[in-house]
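Enquirer: Dropping in coords_18.cif, which is mmCIF, C-alpha atoms:
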data_target
#
loop_
_atom_site.label_atom_id
_atom_site.label_comp_id
_atom_site.auth_asym_id
_atom_site.auth_seq_id
_atom_site.Cartn_x
_atom_site.Cartn_y
_atom_site.Cartn_z
CA MET A 257 -4.51 -27.33 -46.00
CA GLU A 258 -4.97 -26.04 -42.50
CA ASN A 259 -3.91 -22.52 -41.79
CA VAL A 260 -1.10 -22.48 -39.26
CA THR A 261 -0.74 -19.37 -37.14
CA ILE A 262 2.80 -18.59 -36.13
CA ASN A 263 3.13 -16.44 -33.04
CA LYS A 264 5.78 -13.85 -33.67
CA ILE A 265 8.25 -13.39 -30.85
CA PRO A 266 8.15 -9.72 -29.82
CA SER A 267 11.26 -7.62 -30.27
CA SER A 268 13.33 -6.67 -27.26
CA PHE A 269 12.00 -3.11 -27.44
CA ASP A 270 8.37 -4.22 -27.59
CA ALA A 271 8.91 -6.66 -24.75
CA PHE A 272 10.51 -3.97 -22.62
CA LYS A 273 7.77 -1.44 -23.46
CA ASN A 274 4.94 -3.80 -22.52
CA LEU A 275 6.68 -5.01 -19.38
CA PHE A 276 7.55 -1.47 -18.31
CA ARG A 277 3.92 -0.41 -18.74
CA ALA A 278 2.74 -3.34 -16.63
CA ASP A 279 5.33 -2.60 -13.91
CA LEU A 280 4.26 1.06 -13.84
CA ILE A 281 0.63 0.03 -13.29
CA VAL A 282 1.67 -2.23 -10.41
CA GLN A 283 3.75 0.58 -8.90
CA TRP A 284 0.82 3.01 -9.15
CA ARG A 285 -1.38 0.55 -7.28
CA GLN A 286 1.15 0.59 -4.46
CA ARG A 287 0.62 4.28 -3.76
CA ARG A 288 1.16 3.85 -0.02
CA ALA A 289 4.78 2.85 -0.63
CA LEU A 290 5.16 5.81 -2.98
CA LEU A 291 3.82 8.14 -0.30
CA MET A 292 6.31 6.80 2.24
CA SER A 293 9.16 7.52 -0.18
CA VAL A 294 8.06 11.15 -0.43
CA ILE A 295 7.55 11.76 3.30
CA LEU A 296 11.22 11.41 4.34
CA PRO A 297 12.70 14.17 2.14
CA VAL A 298 9.78 16.47 2.94
CA VAL A 299 10.52 16.05 6.66
CA PHE A 300 14.15 16.98 5.99
CA VAL A 301 13.06 19.99 3.93
CA VAL A 302 10.95 21.34 6.78
CA SER A 303 13.33 20.52 9.65
CA TRP A 304 16.54 21.73 7.94
CA LYS A 305 15.28 25.18 7.05
CA GLY A 306 17.41 26.65 9.83
CA LEU A 307 20.60 25.30 8.23
CA ILE A 308 20.22 27.39 5.06
CA PRO A 309 22.15 30.40 6.47
CA THR A 310 24.92 28.03 7.67
CA ILE A 311 25.54 25.64 4.76
CA GLY A 312 23.56 27.30 1.97
CA ALA A 313 20.32 26.58 0.14
CA ALA A 314 22.01 24.40 -2.49
CA ALA A 315 23.54 22.13 0.15
CA VAL A 316 20.24 21.79 2.03
CA LEU A 317 18.29 20.94 -1.14
CA SER A 318 20.91 18.47 -2.36
CA ILE A 319 21.02 16.69 1.00
CA CYS A 320 17.21 16.51 1.23
CA ILE A 321 16.97 14.96 -2.24
CA ALA A 322 19.93 12.64 -1.69
CA VAL A 323 18.59 11.30 1.61
CA ALA A 324 15.42 10.13 -0.15
CA LEU A 325 17.32 8.06 -2.71
CA PRO A 326 18.44 5.21 -0.40
CA ALA A 327 14.89 4.89 0.98
CA THR A 328 13.40 4.73 -2.52
CA GLY A 329 16.10 2.90 -4.42
CA LEU A 330 17.63 0.66 -1.78
CA MET A 331 14.85 -0.18 0.67
CA GLY A 332 11.78 0.11 -1.55
CA TYR A 333 13.22 -1.63 -4.60
CA SER A 334 14.90 -4.52 -2.79
CA ALA A 335 11.80 -5.22 -0.68
CA THR A 336 9.58 -5.34 -3.77
CA ILE A 337 11.94 -7.62 -5.69
CA ALA A 338 12.34 -10.00 -2.75
CA ARG A 339 8.57 -10.16 -2.16
CA ASP A 340 7.79 -10.80 -5.84
CA ARG A 341 10.39 -13.53 -5.98
CA GLU A 342 8.79 -15.32 -3.05
CA ARG A 343 5.39 -15.04 -4.75
CA GLY A 344 6.76 -16.70 -7.89
CA VAL A 345 6.41 -13.65 -10.12
CA PHE A 346 9.89 -13.98 -11.57
CA GLN A 347 9.54 -17.71 -12.12
CA ARG A 348 6.49 -17.03 -14.30
CA LEU A 349 8.31 -14.27 -16.17
CA ARG A 350 11.20 -16.61 -16.92
CA THR A 351 8.82 -18.92 -18.80
CA THR A 352 8.31 -16.14 -21.36
CA PRO A 353 10.81 -15.43 -24.18
CA ILE A 354 12.12 -12.34 -22.38
CA SER A 355 15.73 -12.04 -21.30
CA ARG A 356 16.62 -11.48 -17.67
CA TRP A 357 18.16 -8.12 -18.54
CA ILE A 358 14.89 -6.84 -19.99
CA ILE A 359 12.94 -8.05 -16.95
CA MET A 360 15.27 -6.43 -14.43
CA THR A 361 15.86 -3.28 -16.51
CA SER A 362 12.10 -2.71 -16.57
CA ARG A 363 11.95 -2.95 -12.78
CA ILE A 364 14.92 -0.61 -12.41
CA GLY A 365 13.39 1.84 -14.90
CA VAL A 366 10.16 2.03 -12.89
CA GLN A 367 12.13 2.73 -9.73
CA LEU A 368 14.01 5.53 -11.48
CA ALA A 369 10.64 7.01 -12.50
CA VAL A 370 9.65 6.98 -8.81
CA ILE A 371 12.91 8.76 -8.01
CA LEU A 372 12.09 11.46 -10.57
CA PHE A 373 8.66 11.96 -9.00
CA THR A 374 10.10 12.09 -5.47
CA THR A 375 12.75 14.60 -6.55
CA LEU A 376 10.15 16.91 -8.08
CA VAL A 377 7.97 16.75 -4.97
CA THR A 378 11.00 17.48 -2.77
CA TYR A 379 11.95 20.50 -4.85
CA PHE A 380 8.44 21.97 -4.84
CA CYS A 381 8.24 21.50 -1.06
CA ALA A 382 11.66 23.20 -0.70
CA TYR A 383 10.38 26.05 -2.85
CA TYR A 384 7.18 26.38 -0.80
CA PHE A 385 8.58 25.93 2.73
CA ASP A 386 12.21 27.11 2.40
CA LYS A 387 11.90 29.54 -0.53
CA ILE A 388 14.65 27.66 -2.40
CA SER A 389 14.38 28.51 -6.08
CA VAL A 390 16.24 26.77 -8.92
CA PRO A 391 16.14 27.93 -12.57
CA PHE A 392 14.37 25.52 -14.91
CA PRO A 393 17.53 24.41 -16.82
CA ASN A 394 19.24 23.73 -13.50
CA LEU A 395 16.20 21.79 -12.31
CA LEU A 396 16.54 19.52 -15.33
CA LEU A 397 20.17 18.91 -14.34
CA VAL A 398 18.99 18.13 -10.80
CA LEU A 399 16.63 15.48 -12.18
CA VAL A 400 19.46 13.94 -14.20
CA ALA A 401 21.74 13.94 -11.15
CA ALA A 402 19.00 12.34 -9.04
CA VAL A 403 18.55 9.56 -11.61
CA VAL A 404 22.30 8.90 -11.79
CA GLY A 405 22.58 8.89 -8.01
CA GLY A 406 19.39 6.89 -7.58
CA LEU A 407 20.69 4.25 -9.96
CA SER A 408 23.56 3.49 -7.58
CA PHE A 409 21.12 2.77 -4.74
CA VAL A 410 18.73 0.76 -6.92
CA ALA A 411 21.73 -1.23 -8.14
CA LEU A 412 22.86 -1.78 -4.55
CA GLY A 413 19.39 -3.11 -3.77
CA GLN A 414 19.65 -5.43 -6.78
CA PHE A 415 23.04 -6.62 -5.52
CA ILE A 416 21.56 -7.47 -2.11
CA VAL A 417 18.57 -9.44 -3.43
CA ALA A 418 20.89 -11.38 -5.72
CA PHE A 419 22.66 -12.98 -2.77
CA ILE A 420 20.02 -12.96 -0.02
CA LYS A 421 16.94 -15.01 -0.91
CA SER A 422 14.48 -14.44 1.94
CA SER A 423 12.56 -11.19 2.14
CA GLU A 424 13.22 -11.04 5.89
CA GLY A 425 16.95 -11.30 5.29
CA VAL A 426 16.80 -8.64 2.59
CA ASN A 427 14.88 -6.26 4.86
CA ALA A 428 17.37 -6.77 7.68
CA ALA A 429 20.35 -6.21 5.38
CA VAL A 430 19.04 -3.01 3.81
CA ARG A 431 18.20 -1.55 7.22
CA LEU A 432 21.77 -2.17 8.38
CA ILE A 433 23.10 -0.50 5.23
CA TYR A 434 20.56 2.32 5.15
CA ILE A 435 21.46 3.79 8.54
CA PRO A 436 25.12 4.60 7.78
CA LEU A 437 24.31 5.59 4.21
CA ALA A 438 21.45 7.97 4.90
CA ILE A 439 21.95 9.22 8.45
CA VAL A 440 25.72 9.11 8.92
CA GLY A 441 26.21 10.08 5.28
CA ALA A 442 24.04 13.17 5.51
CA LEU A 443 25.30 14.35 8.90
CA GLY A 444 28.87 13.16 8.39
CA GLU A 445 29.39 15.37 5.36
CA ILE A 446 28.62 18.39 7.51
CA GLY A 447 31.49 17.31 9.78
CA ILE A 448 29.54 16.31 12.88
CA PHE A 449 31.39 12.97 13.24
CA GLY A 450 34.91 14.24 12.50
CA SER A 451 37.16 14.66 9.48
CA LEU A 452 37.70 10.94 8.74
CA VAL A 453 33.98 10.16 8.63
CA LYS A 454 33.46 13.29 6.56
CA LYS A 455 35.93 12.06 3.91
CA ILE A 456 34.27 8.64 3.82
CA ALA A 457 30.84 10.25 3.58
CA VAL A 458 31.89 12.49 0.70
CA TRP A 459 32.94 9.50 -1.45
CA SER A 460 30.12 7.20 -0.41
CA PRO A 461 27.22 6.72 -2.88
CA LEU A 462 25.25 9.30 -0.90
CA GLY A 463 28.14 11.75 -0.80
CA THR A 464 28.91 11.60 -4.51
CA THR A 465 25.20 11.99 -5.25
CA GLN A 466 25.06 15.11 -3.08
CA THR A 467 28.07 16.48 -4.95
CA LEU A 468 26.29 15.95 -8.28
CA LEU A 469 23.06 17.50 -7.02
CA ALA A 470 24.84 20.56 -5.63
CA ALA A 471 26.70 21.00 -8.94
CA ALA A 472 23.42 20.66 -10.85
CA ILE A 473 21.88 23.44 -8.77
CA HIS A 474 24.91 25.68 -9.44
CA PRO A 475 26.65 24.47 -12.64
CA SER A 476 29.21 27.28 -12.34
CA ALA A 477 30.63 25.45 -9.32
CA ILE A 478 31.50 22.30 -11.31
CA THR A 479 35.11 21.24 -10.72
CA ILE A 480 37.27 18.20 -11.35
CA THR A 481 35.92 16.81 -8.06
CA THR A 482 32.42 16.90 -9.57
CA LEU A 483 33.61 14.85 -12.55
CA TRP A 484 35.24 12.30 -10.24
CA ALA A 485 31.99 12.14 -8.25
CA LEU A 486 30.09 11.47 -11.49
CA LEU A 487 32.45 8.66 -12.45
CA ALA A 488 32.28 7.18 -8.95
CA THR A 489 28.46 7.29 -8.90
CA LEU A 490 28.19 5.69 -12.34
CA GLY A 491 30.75 3.11 -11.24
CA TYR A 492 28.69 2.19 -8.17
CA GLY A 493 25.58 1.78 -10.30
CA LEU A 494 27.13 -0.25 -13.12
CA LEU A 495 29.12 -2.50 -10.79
CA PHE A 496 26.26 -3.37 -8.43
CA ALA A 497 23.70 -3.67 -11.23
CA GLY A 498 25.93 -5.91 -13.35
CA ILE A 499 26.71 -8.29 -10.48
CA GLY A 500 23.18 -8.12 -9.08
CA ILE A 501 21.41 -8.94 -12.35
CA ALA A 502 23.87 -11.64 -13.42
CA GLY A 503 23.72 -13.38 -10.04
CA PHE A 504 19.99 -12.94 -9.37
CA GLU A 505 18.16 -16.13 -8.34
CA TRP A 506 14.70 -16.32 -9.88
CA SER A 507 13.20 -18.40 -7.08
CA THR A 508 13.80 -19.03 -3.39
CA GLY A 509 14.00 -22.80 -3.91
#
If you took the structure in this file and wrote it as C-alpha coordinates, what would it be?
Expert:
Amino acid sequence: MENVTINKIPSSFDAFKNLFRADLIVQWRQRRALLMSVILPVVFVVSWKGLIPTIGAAAVLSICIAVALPATGLMGYSATIARDRERGVFQRLRTTPISRWIIMTSRIGVQLAVILFTTLVTYFCAYYFDKISVPFPNLLLVLVAAVVGGLSFVALGQFIVAFIKSSEGVNAAVRLIYIPLAIVGALGEIGIFGSLVKKIAVWSPLGTTQTLLAAAIHPSAITITTLWALLATLGYGLLFAGIGIAGFEWSTG
(Lines of atoms letter the chains of each structure in order from A and count residues from 1; the text may use other names and numbers.)
(Lines give C-alpha, C1' and ligand atoms only; values in the text may rest on other atoms or scores of the structure.)
Protein backbone atom coordinates (compact mmCIF):
# COMPACT_ATOMS: atom_id res chain seq x y z
CA MET A 1 0.00 0.00 0.00
CA GLU A 2 1.14 3.50 -0.74
CA ASN A 3 1.74 5.79 2.16
CA VAL A 4 -0.66 8.72 2.04
CA THR A 5 0.45 11.92 3.71
CA ILE A 6 -2.35 13.97 5.16
CA ASN A 7 -1.57 17.65 5.59
CA LYS A 8 -2.86 18.75 8.94
CA ILE A 9 -4.76 22.02 8.90
CA PRO A 10 -3.03 24.37 11.36
CA SER A 11 -4.96 25.55 14.39
CA SER A 12 -6.27 29.09 14.52
CA PHE A 13 -3.54 30.04 17.00
CA ASP A 14 -0.75 28.60 14.85
CA ALA A 15 -2.17 30.26 11.76
CA PHE A 16 -2.34 33.60 13.53
CA LYS A 17 1.17 33.22 14.97
CA ASN A 18 2.75 32.43 11.60
CA LEU A 19 0.80 35.15 9.80
CA PHE A 20 1.60 37.71 12.48
CA ARG A 21 5.31 36.90 12.22
CA ALA A 22 5.20 37.32 8.44
CA ASP A 23 3.32 40.63 8.73
CA LEU A 24 5.87 41.90 11.26
CA ILE A 25 8.71 41.12 8.86
CA VAL A 26 6.93 43.00 6.08
CA GLN A 27 6.35 45.96 8.41
CA TRP A 28 10.02 46.02 9.42
CA ARG A 29 11.03 46.17 5.76
CA GLN A 30 8.90 49.28 5.41
CA ARG A 31 11.00 51.25 7.88
CA ARG A 32 10.51 54.51 5.99
CA ALA A 33 6.78 54.43 6.79
CA LEU A 34 7.61 53.63 10.41
CA LEU A 35 9.96 56.61 10.57
CA MET A 36 7.25 58.92 9.21
CA SER A 37 4.88 57.73 11.95
CA VAL A 38 7.43 58.71 14.60
CA ILE A 39 8.33 62.14 13.18
CA LEU A 40 4.92 63.79 13.75
CA PRO A 41 4.67 63.29 17.54
CA VAL A 42 8.33 64.23 17.97
CA VAL A 43 7.66 67.53 16.17
CA PHE A 44 4.76 68.18 18.56
CA VAL A 45 6.94 67.29 21.55
CA VAL A 46 9.56 69.86 20.55
CA SER A 47 7.20 72.63 19.43
CA TRP A 48 4.75 72.36 22.36
CA LYS A 49 7.34 72.66 25.11
CA GLY A 50 6.18 76.21 25.79
CA LEU A 51 2.65 75.01 26.60
CA ILE A 52 3.75 72.95 29.61
CA PRO A 53 3.37 75.86 32.10
CA THR A 54 -0.09 76.63 30.63
CA ILE A 55 -1.82 73.25 30.28
CA GLY A 56 0.56 70.98 32.19
CA ALA A 57 3.08 68.30 31.27
CA ALA A 58 0.50 65.49 31.34
CA ALA A 59 -1.74 67.29 28.84
CA VAL A 60 1.16 68.04 26.50
CA LEU A 61 2.41 64.43 26.56
CA SER A 62 -1.08 62.98 26.09
CA ILE A 63 -1.79 65.26 23.13
CA CYS A 64 1.58 64.50 21.49
CA ILE A 65 0.97 60.75 21.76
CA ALA A 66 -2.68 61.01 20.71
CA VAL A 67 -1.89 63.08 17.61
CA ALA A 68 0.37 60.29 16.32
CA LEU A 69 -2.35 57.66 16.52
CA PRO A 70 -4.49 58.83 13.57
CA ALA A 71 -1.37 59.07 11.37
CA THR A 72 -0.25 55.57 12.32
CA GLY A 73 -3.56 53.79 12.70
CA LEU A 74 -5.78 55.59 10.23
CA MET A 75 -3.53 56.77 7.41
CA GLY A 76 -0.74 54.19 7.55
CA TYR A 77 -2.93 51.14 8.07
CA SER A 78 -5.61 51.98 5.51
CA ALA A 79 -3.03 52.84 2.84
CA THR A 80 -1.22 49.52 3.37
CA ILE A 81 -4.43 47.47 3.27
CA ALA A 82 -5.67 49.22 0.13
CA ARG A 83 -2.32 48.78 -1.64
CA ASP A 84 -2.06 45.08 -0.74
CA ARG A 85 -5.60 44.48 -1.94
CA GLU A 86 -4.79 45.98 -5.33
CA ARG A 87 -1.68 43.78 -5.54
CA GLY A 88 -3.78 40.67 -4.94
CA VAL A 89 -2.25 39.83 -1.57
CA PHE A 90 -5.60 39.24 0.10
CA GLN A 91 -6.92 37.17 -2.78
CA ARG A 92 -3.98 34.79 -2.33
CA LEU A 93 -4.52 34.67 1.42
CA ARG A 94 -8.17 33.76 0.93
CA THR A 95 -7.11 30.61 -0.93
CA THR A 96 -5.57 29.33 2.31
CA PRO A 97 -7.64 27.72 5.10
CA ILE A 98 -7.40 30.85 7.24
CA SER A 99 -10.47 32.78 8.29
CA ARG A 100 -10.86 36.43 7.39
CA TRP A 101 -10.84 37.37 11.07
CA ILE A 102 -7.40 35.82 11.59
CA ILE A 103 -6.03 37.57 8.50
CA MET A 104 -7.31 41.00 9.48
CA THR A 105 -6.58 40.56 13.21
CA SER A 106 -2.95 39.84 12.33
CA ARG A 107 -2.74 43.06 10.33
CA ILE A 108 -4.39 45.03 13.13
CA GLY A 109 -2.07 43.45 15.71
CA VAL A 110 1.01 44.53 13.75
CA GLN A 111 -0.31 48.08 13.58
CA LEU A 112 -0.87 48.10 17.33
CA ALA A 113 2.75 46.98 17.77
CA VAL A 114 3.80 50.00 15.68
CA ILE A 115 1.67 52.20 17.94
CA LEU A 116 3.46 50.82 21.01
CA PHE A 117 6.84 51.59 19.44
CA THR A 118 5.76 55.11 18.43
CA THR A 119 4.41 55.79 21.93
CA LEU A 120 7.68 54.74 23.55
CA VAL A 121 9.72 56.91 21.19
CA THR A 122 7.41 59.87 21.86
CA TYR A 123 7.76 59.46 25.62
CA PHE A 124 11.55 59.22 25.52
CA CYS A 125 11.70 62.33 23.33
CA ALA A 126 9.38 64.14 25.77
CA TYR A 127 11.66 63.08 28.61
CA TYR A 128 14.78 64.27 26.77
CA PHE A 129 13.49 67.54 25.28
CA ASP A 130 10.72 68.59 27.70
CA LYS A 131 11.91 66.88 30.91
CA ILE A 132 8.54 65.13 31.26
CA SER A 133 8.97 62.15 33.55
CA VAL A 134 6.41 59.38 34.13
CA PRO A 135 6.84 56.58 36.72
CA PHE A 136 7.28 53.14 35.21
CA PRO A 137 3.87 51.75 36.35
CA ASN A 138 2.19 54.82 34.89
CA LEU A 139 4.14 54.38 31.66
CA LEU A 140 2.71 50.88 31.35
CA LEU A 141 -0.77 52.38 31.72
CA VAL A 142 0.11 54.92 29.02
CA LEU A 143 1.03 52.07 26.66
CA VAL A 144 -2.28 50.34 27.38
CA ALA A 145 -4.19 53.58 26.80
CA ALA A 146 -2.32 54.16 23.53
CA VAL A 147 -3.23 50.67 22.31
CA VAL A 148 -6.90 51.13 23.22
CA GLY A 149 -6.98 54.55 21.56
CA GLY A 150 -4.95 53.37 18.59
CA LEU A 151 -7.38 50.52 18.03
CA SER A 152 -10.18 53.00 17.36
CA PHE A 153 -8.15 54.65 14.57
CA VAL A 154 -6.98 51.35 13.08
CA ALA A 155 -10.60 50.18 13.13
CA LEU A 156 -11.68 53.41 11.44
CA GLY A 157 -9.09 52.75 8.74
CA GLN A 158 -10.47 49.21 8.35
CA PHE A 159 -13.98 50.66 8.04
CA ILE A 160 -12.85 52.98 5.23
CA VAL A 161 -11.08 50.32 3.16
CA ALA A 162 -14.11 48.07 3.51
CA PHE A 163 -16.26 50.46 1.49
CA ILE A 164 -13.74 52.27 -0.73
CA LYS A 165 -11.89 49.94 -3.10
CA SER A 166 -9.30 52.10 -4.85
CA SER A 167 -6.16 53.12 -3.01
CA GLU A 168 -6.51 56.66 -4.39
CA GLY A 169 -10.01 56.91 -2.96
CA VAL A 170 -8.86 55.55 0.38
CA ASN A 171 -5.99 58.05 0.56
CA ALA A 172 -8.32 60.94 -0.25
CA ALA A 173 -10.87 59.83 2.35
CA VAL A 174 -8.38 59.41 5.18
CA ARG A 175 -6.84 62.81 4.48
CA LEU A 176 -10.26 64.44 4.75
CA ILE A 177 -10.89 62.64 8.03
CA TYR A 178 -7.39 63.09 9.43
CA ILE A 179 -7.41 66.90 9.38
CA PRO A 180 -10.39 67.41 11.71
CA LEU A 181 -9.40 64.45 13.87
CA ALA A 182 -5.76 65.34 14.44
CA ILE A 183 -5.50 69.10 13.98
CA VAL A 184 -8.93 70.37 15.05
CA GLY A 185 -9.12 67.65 17.70
CA ALA A 186 -5.81 68.57 19.30
CA LEU A 187 -6.29 72.35 19.15
CA GLY A 188 -10.04 72.26 19.72
CA GLU A 189 -9.69 70.59 23.09
CA ILE A 190 -7.60 73.52 24.26
CA GLY A 191 -10.54 75.78 23.38
CA ILE A 192 -9.08 77.66 20.43
CA PHE A 193 -12.17 77.08 18.24
CA GLY A 194 -14.82 77.77 20.88
CA SER A 195 -16.81 75.79 23.44
CA LEU A 196 -18.93 73.78 20.98
CA VAL A 197 -15.92 72.49 19.04
CA LYS A 198 -14.20 71.78 22.34
CA LYS A 199 -17.08 69.54 23.48
CA ILE A 200 -17.07 67.69 20.14
CA ALA A 201 -13.29 67.31 20.31
CA VAL A 202 -13.41 65.90 23.84
CA TRP A 203 -15.74 63.05 22.79
CA SER A 204 -14.14 62.39 19.42
CA PRO A 205 -11.85 59.33 19.12
CA LEU A 206 -8.88 61.63 19.57
CA GLY A 207 -10.42 63.39 22.56
CA THR A 208 -11.35 60.23 24.44
CA THR A 209 -7.87 58.85 23.74
CA GLN A 210 -6.30 61.99 25.21
CA THR A 211 -8.50 61.59 28.28
CA LEU A 212 -7.29 58.01 28.74
CA LEU A 213 -3.65 58.98 28.24
CA ALA A 214 -3.86 61.85 30.72
CA ALA A 215 -5.50 59.54 33.28
CA ALA A 216 -2.79 56.93 32.70
CA ILE A 217 -0.10 59.52 33.43
CA HIS A 218 -1.89 60.55 36.65
CA PRO A 219 -4.13 57.64 37.78
CA SER A 220 -5.21 59.63 40.85
CA ALA A 221 -7.14 61.92 38.49
CA ILE A 222 -9.37 59.10 37.18
CA THR A 223 -13.05 60.06 37.36
CA ILE A 224 -16.35 58.79 35.98
CA THR A 225 -15.58 60.83 32.84
CA THR A 226 -12.46 58.70 32.34
CA LEU A 227 -14.55 55.53 32.49
CA TRP A 228 -17.01 56.94 29.96
CA ALA A 229 -14.06 57.86 27.73
CA LEU A 230 -12.79 54.28 27.99
CA LEU A 231 -16.18 52.86 27.02
CA ALA A 232 -16.49 55.33 24.15
CA THR A 233 -13.01 54.51 22.83
CA LEU A 234 -13.62 50.77 23.02
CA GLY A 235 -16.98 51.31 21.36
CA TYR A 236 -15.39 53.17 18.45
CA GLY A 237 -12.86 50.39 17.97
CA LEU A 238 -15.27 47.45 18.19
CA LEU A 239 -17.92 49.08 16.02
CA PHE A 240 -15.61 50.15 13.19
CA ALA A 241 -13.56 46.93 13.30
CA GLY A 242 -16.64 44.70 13.28
CA ILE A 243 -18.23 46.47 10.33
CA GLY A 244 -14.92 46.94 8.52
CA ILE A 245 -13.83 43.30 8.73
CA ALA A 246 -17.27 41.85 7.94
CA GLY A 247 -17.72 44.12 4.92
CA PHE A 248 -14.15 44.00 3.60
CA GLU A 249 -13.83 43.20 -0.12
CA TRP A 250 -10.87 40.94 -0.82
CA SER A 251 -10.28 42.24 -4.34
CA THR A 252 -10.92 45.39 -6.34
CA GLY A 253 -12.76 43.47 -9.07
Enquirer: Taking into account all atoms listed in the file, which residue in the set A:Gln283, A:Thr481, A:Thr351, A:Thr465 is nearest to Trp506 (chain A)?
Expert: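 Looking only at the distances to Trp506 (chain A), the closest residue turns out to be A:Thr351.
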Enquirer: Decode the PyMOL selection byres ((chain A and resi 298-310) around 7) for the given file into explicit residues and return them as a PyMOL selection string.
Expert: chain A and resi 294-297+311-313+316+320+378+381-382+385-386
Enquirer: Excluding Asp279 (chain A) and any residue of its chain fewer than 3 positions from it, enumerate the residues within 10 Å of it, using only C-alpha atoms, and give them as a list in words.
Expert: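 Listed by chain and then number, they are Lys273, Asn274, Leu275, Phe276, Val282, Gln283, Trp284, Arg285, Ile359, Ser362, Arg363, Ile364, Gly365, Val366 and Gln367 of chain A.
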Enquirer: Name the residues in contact with Val404 (chain A) at a cut-off of 8 Å, using only C-alpha atoms, excluding same-chain residues fewer than 2 positions from it; report them as a PDB file with C-alpha atoms, keeping the file's coordinate frame.
Expert:
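This is the output file selection32.pdb:
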ATOM      1  CA  VAL A 400      19.460  13.940 -14.200  1.00  0.00           C
ATOM      2  CA  ALA A 401      21.740  13.940 -11.150  1.00  0.00           C
ATOM      3  CA  ALA A 402      19.000  12.340  -9.040  1.00  0.00           C
ATOM      4  CA  GLY A 406      19.390   6.890  -7.580  1.00  0.00           C
ATOM      5  CA  LEU A 407      20.690   4.250  -9.960  1.00  0.00           C
ATOM      6  CA  SER A 408      23.560   3.490  -7.580  1.00  0.00           C
ATOM      7  CA  THR A 465      25.200  11.990  -5.250  1.00  0.00           C
ATOM      8  CA  THR A 489      28.460   7.290  -8.900  1.00  0.00           C
ATOM      9  CA  LEU A 490      28.190   5.690 -12.340  1.00  0.00           C
ATOM     10  CA  GLY A 493      25.580   1.780 -10.300  1.00  0.00           C
TER      11      GLY A 493
END
Enquirer: Might you pull out every residue within 12 Å of region 415-426 of chain A, with all atoms listed in the file counted and same-chain residues fewer than 4 positions away left off, and present them as a ChimeraX atom specification?
Expert: /A:329-343,360,407-411,430-434,492-509
Enquirer: In Å, how far is it from CA of Gly413 (chain A) to CA of Ile354 (chain A)?
Expert: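 So the two atoms, CA of Gly413 (chain A) and CA of Ile354 (chain A), lie 22.0 Å apart.
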Enquirer: Residues near Leu396 (chain A), anyone? I mean within 12 Å using only C-alpha atoms, not counting same-chain ones fewer than 2 positions away, as a PyMOL selection string.
Expert: chain A and resi 372+375-376+379+390-394+398-403+469+472-475
Enquirer: Just the selected residues (C-alpha atoms), exported as a short mmCIF file (atom, residue, chain, number, x, y, z; two decimals), in the frame of the given file, please.
Expert:
data_model
loop_
_atom_site.label_atom_id
_atom_site.label_comp_id
_atom_site.auth_asym_id
_atom_site.auth_seq_id
_atom_site.Cartn_x
_atom_site.Cartn_y
_atom_site.Cartn_z
CA LEU A 372 12.09 11.46 -10.57
CA THR A 375 12.75 14.60 -6.55
CA LEU A 376 10.15 16.91 -8.08
CA TYR A 379 11.95 20.50 -4.85
CA VAL A 390 16.24 26.77 -8.92
CA PRO A 391 16.14 27.93 -12.57
CA PHE A 392 14.37 25.52 -14.91
CA PRO A 393 17.53 24.41 -16.82
CA ASN A 394 19.24 23.73 -13.50
CA VAL A 398 18.99 18.13 -10.80
CA LEU A 399 16.63 15.48 -12.18
CA VAL A 400 19.46 13.94 -14.20
CA ALA A 401 21.74 13.94 -11.15
CA ALA A 402 19.00 12.34 -9.04
CA VAL A 403 18.55 9.56 -11.61
CA LEU A 469 23.06 17.50 -7.02
CA ALA A 472 23.42 20.66 -10.85
CA ILE A 473 21.88 23.44 -8.77
CA HIS A 474 24.91 25.68 -9.44
CA PRO A 475 26.65 24.47 -12.64
#
